[in-house]
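Just below is one structure, and these are the notes that go with it.
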Amino acid sequence: MGKNLVFLPIVAVVIAIQLLTAWTGTIYYLTQLTMSAYYSLLIVGLCVVMGYAGQISIGHAGFFAIGGYLSAALTTRNLIPHADFLLVRLLNSLGCLQAGQDVYGDPLLVFTPWVACIIAILTTLIVAFILGVPVLKLKGHYLAMATLGFGIIIYRIVLASAYFGEADGISGVPGFMLVPGLLVSGDKAWRVPNYYIAWSVLLLAILLLRQLIDSRVGRALRAIHGSPEAAEAMGVDIATYKLKTFMLSAVFSALAGVLLTHYNGGIGPSEASVMKSVRYVAIVAVGGMANLWGALAMGMLLNFLSLRGLFGSYDDAVFGLILITIMLFAPNGILGLQLGRIWQGLPYFLRKKPVTKGVND
């Protein structure tokens with residue numbers, strides 16, 4: 001119980017930020033803060049994969065896209081032309097579909113957001129399992145290249161598929177009614193409730209991950225990260241632990257994709273791009289690969305600055321530079337920054353002390 005007291009100051013800061021934006025008339029900041037919270041949901045999941053299971057994944061944007069695109073397509077693609085199919089009639093009778101009208105007033109029959117979310121999560125689990133079984137046998141840069149290839153495949157699928165809107169993506173995604181009175185939507189009227197919804201989901205995810213890390217599973221993951229051979233000698237099922245951790249992080253990514261897509265009312269192929277995956281890896285590296293709180297802080301800060309347009313057209317370049325800098329000078333995260341490493345990383349002619357001649361020379 002005492003370990004969870006650290007959540008209290010975070011909750012206080014979240015509430016204080018909302019009150020401050022209301023008092024200063026800058027409530028529009030909550031839009032970017034809400035989006036940053038959903039991106040941070042992916043990042044904390046990736047932090048466990050990289051920092052504890054020791055897996056380098058450059059394909060988590062693919063899982064994010066699977067969740068977002070499937071939920072968007074299922075809640076917008078009209079099933080009226082297929083209404084006579086047995087499966088469609090069965091789904092409709094079970095309450096999995098909802099009727100409505102499109103922007104032109106024509107009848108619409110689509111999946112409910114809850115059903116679409118469940119389908120997206122289950123699909124992500126299956127894909128993560130199919131990918132993880134062979135890929136997680138690889139190590140180091142081989143694993144990174146394999147997950148990179150997965151991300152590229154997902155990106156090309158959503159970019160080339162008419163069902164997923166090709167280069168235009170999918171727009172007009174409806175809000176996600178979690179429970180009566182709580183709607184995930186980007187409308188101004190729902191700005192404050194959505195801010196708290198996003199943070200509630202994020203903090204619940206961190207609470208789950210902390211319980212995992214402090215459990216027997218977490219100790220096994222740390223052992224695997226430290227020395228796979230020693231962990232295996234102690235009876236740890238390395239393949240199973242790595243696969244389950246990978247699948248859990250994939251679910252976090254997909255859930256983030258679902259919620260952010262319904263919040264934004266759409267999704268585009270840029271969310272599945274390789275640079276998005278590089279960005280997530282960079283943020284985890286900055287925060288510390290085995291530091292959930294560091295990943296959370298850097299995820300919120302860097303995503304917020306990016307969404308506010310601070311980096312302009314150099315956005316991707318900035319995150320690439322951040323990753324290179326962290327790997328050179330602070331491989332344990334910005335909190336573990338070592339000034340001596342920075343000095344050693346400077347060119348020799350800058351580190352070389354000037355030679356002073358004596359007065360008698």
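Residues are referred to by chain and number: the chain letter is A, B, ... according to the order shown in the structure tokens, the number counts from 1 in that chain, and ligands are numbered separately from 1 in the order shown.
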
Practice problem: Output as a ChimeraX atom specification all residues of stretch 201-244 of chain A that backbone DSSP marks as alpha helix (DSSP H). | Solution: /A:201-213,216-226,228-233,238-244

Prev. selection, C-alpha atoms, output as a PDB file, in the first residue's frame:
```
ATOM      1  CA  VAL A 201      -6.349   5.029 -17.882  1.00  0.00           C
ATOM      2  CA  LEU A 202      -2.643   5.908 -17.833  1.00  0.00           C
ATOM      3  CA  LEU A 203      -2.277   5.747 -14.046  1.00  0.00           C
ATOM      4  CA  LEU A 204      -4.205   2.456 -13.887  1.00  0.00           C
ATOM      5  CA  ALA A 205      -1.801   1.058 -16.482  1.00  0.00           C
ATOM      6  CA  ILE A 206       1.214   2.204 -14.451  1.00  0.00           C
ATOM      7  CA  LEU A 207      -0.295   0.715 -11.300  1.00  0.00           C
ATOM      8  CA  LEU A 208      -0.671  -2.611 -13.120  1.00  0.00           C
ATOM      9  CA  LEU A 209       2.896  -2.467 -14.404  1.00  0.00           C
ATOM     10  CA  ARG A 210       4.289  -1.609 -10.969  1.00  0.00           C
ATOM     11  CA  GLN A 211       2.488  -4.603  -9.484  1.00  0.00           C
ATOM     12  CA  LEU A 212       3.947  -6.726 -12.267  1.00  0.00           C
ATOM     13  CA  ILE A 213       7.481  -5.420 -11.757  1.00  0.00           C
ATOM     14  CA  ARG A 216       7.793 -12.759  -9.075  1.00  0.00           C
ATOM     15  CA  VAL A 217       7.316 -12.074 -12.775  1.00  0.00           C
ATOM     16  CA  GLY A 218       9.155  -8.769 -12.454  1.00  0.00           C
ATOM     17  CA  ARG A 219      12.079 -10.427 -10.687  1.00  0.00           C
ATOM     18  CA  ALA A 220      12.233 -13.015 -13.457  1.00  0.00           C
ATOM     19  CA  LEU A 221      12.275 -10.265 -16.080  1.00  0.00           C
ATOM     20  CA  ARG A 222      15.118  -8.451 -14.312  1.00  0.00           C
ATOM     21  CA  ALA A 223      17.039 -11.714 -14.168  1.00  0.00           C
ATOM     22  CA  ILE A 224      16.497 -12.238 -17.901  1.00  0.00           C
ATOM     23  CA  HIS A 225      17.694  -8.707 -18.621  1.00  0.00           C
ATOM     24  CA  GLY A 226      20.762  -9.124 -16.440  1.00  0.00           C
ATOM     25  CA  PRO A 228      19.542 -14.786 -19.760  1.00  0.00           C
ATOM     26  CA  GLU A 229      21.873 -17.743 -19.262  1.00  0.00           C
ATOM     27  CA  ALA A 230      21.862 -17.401 -15.479  1.00  0.00           C
ATOM     28  CA  ALA A 231      18.076 -16.911 -15.435  1.00  0.00           C
ATOM     29  CA  GLU A 232      17.572 -20.036 -17.512  1.00  0.00           C
ATOM     30  CA  ALA A 233      19.874 -21.984 -15.227  1.00  0.00           C
ATOM     31  CA  ILE A 238      12.735 -17.111 -20.752  1.00  0.00           C
ATOM     32  CA  ALA A 239      10.695 -17.556 -23.942  1.00  0.00           C
ATOM     33  CA  THR A 240       7.350 -17.492 -22.098  1.00  0.00           C
ATOM     34  CA  TYR A 241       8.171 -14.440 -19.984  1.00  0.00           C
ATOM     35  CA  LYS A 242       9.464 -12.486 -22.965  1.00  0.00           C
ATOM     36  CA  LEU A 243       6.449 -13.380 -25.092  1.00  0.00           C
ATOM     37  CA  LYS A 244       3.885 -12.457 -22.432  1.00  0.00           C
TER      38      LYS A 244
END
```

Near stretch 142-157 of chain A, counting only C-alpha atoms, which residues have an atom at most 8 Å away, once you skip same-chain residues fewer than 6 positions from it, shown as a compact mmCIF listing (two decimals) with C-alpha atoms, in the first residue's frame?
```txt
# COMPACT_ATOMS: atom_id res chain seq x y z
CA GLN A 55 13.89 -6.41 -25.89
CA ILE A 56 14.46 -3.60 -28.37
CA SER A 57 11.28 -3.07 -30.38
CA ILE A 58 11.10 -0.58 -33.24
CA GLY A 59 7.64 -1.68 -34.29
CA HIS A 60 5.28 -0.57 -31.55
CA ALA A 61 3.77 2.08 -33.80
CA GLY A 62 2.46 -0.91 -35.78
CA ALA A 65 -1.97 1.47 -35.74
CA ILE A 66 -3.64 -1.94 -35.55
CA VAL A 135 11.06 -12.97 -33.45
CA LEU A 136 11.78 -12.97 -29.71
CA PRO A 269 -0.89 6.50 -41.86
CA ALA A 272 2.17 3.72 -38.24
CA SER A 273 5.37 5.23 -39.61
CA VAL A 274 8.83 4.03 -38.64
CA SER A 277 8.46 3.91 -33.43
```

Do you know which residues are at most 9 Å from A:Gly95 counting only C-alpha atoms, after dropping those on the same chain fewer than 4 positions away, and could you put them as a compact mmCIF listing (two decimals) with N, CA and C atoms, in the first residue's frame?
```
# COMPACT_ATOMS: atom_id res chain seq x y z
N LEU A 90 -26.67 -11.90 -37.20
CA LEU A 90 -26.37 -12.44 -35.87
C LEU A 90 -25.73 -11.38 -34.98
N LEU A 91 -24.75 -10.65 -35.52
CA LEU A 91 -24.09 -9.59 -34.76
C LEU A 91 -25.08 -8.50 -34.34
N PHE A 111 -20.23 -1.25 -36.25
CA PHE A 111 -19.94 -1.86 -34.96
C PHE A 111 -19.99 -0.79 -33.87
N THR A 112 -20.40 -1.19 -32.66
CA THR A 112 -20.33 -0.27 -31.53
C THR A 112 -18.86 -0.09 -31.14
```

Practice problem: For A:Ile326, list every protein, DNA or RNA residue within 10 Å, evaluated using only C-alpha atoms, and leave out those in the same chain fewer than 2 positions away; present the list as a count of residues only. | Solution: 18

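Distances from A:Lys137, A:Arg77, A:Arg89, A:Lys276 to A:Leu108 were compared using only C-alpha atoms, and the smallest one belongs to A:Arg77.
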
Self-check item: Residues flagged strand (DSSP E or B) by DSSP in stretch 3-162 of chain A, as a PyMOL selection string
Solution: chain A and resi 97-101+107-111

Quiz item: So, counting only C-alpha atoms, which residue among A:Ile17, A:Phe246, A:Phe64, A:Tyr69 is closest to A:Val48?
Solution: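 When distances to A:Val48 are compared using only C-alpha atoms, the smallest one comes from A:Phe246.
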
Exercise. May I have the residues within 10 Å of A:Gly172 as a PyMOL selection string, using only C-alpha atoms and disregarding those fewer than 5 positions away in the same chain?
Key: chain A and resi 72+75-76+102-103+262+264-267

Self-check item: For A:Val49: contacts at 9 Å, only C-alpha atoms, fewer than 2 positions along chain excluded, given as a PyMOL selection string
Solution: chain A and resi 44-47+51-57+242+245-246+248-249+289

Pull C-alpha atoms from the residues just selected and write them as a short mmCIF file (atom, residue, chain, number, x, y, z; two decimals), in the first residue's frame.
```cif
data_model
loop_
_atom_site.label_atom_id
_atom_site.label_comp_id
_atom_site.auth_asym_id
_atom_site.auth_seq_id
_atom_site.Cartn_x
_atom_site.Cartn_y
_atom_site.Cartn_z
CA VAL A 44 5.23 2.91 -20.38
CA GLY A 45 4.38 -0.45 -21.93
CA LEU A 46 7.43 -0.21 -24.17
CA CYS A 47 9.50 0.77 -21.12
CA GLY A 51 14.03 -1.97 -19.56
CA TYR A 52 13.02 -5.22 -17.90
CA ALA A 53 12.64 -7.89 -20.59
CA GLY A 54 15.64 -6.50 -22.51
CA GLN A 55 13.89 -6.41 -25.89
CA ILE A 56 14.46 -3.60 -28.37
CA SER A 57 11.28 -3.07 -30.38
CA LYS A 242 9.46 -12.49 -22.96
CA THR A 245 5.61 -9.14 -21.73
CA PHE A 246 5.75 -8.37 -25.43
CA LEU A 248 1.12 -7.02 -22.80
CA SER A 249 2.98 -4.03 -24.20
CA MET A 289 14.75 2.09 -19.89
#
```
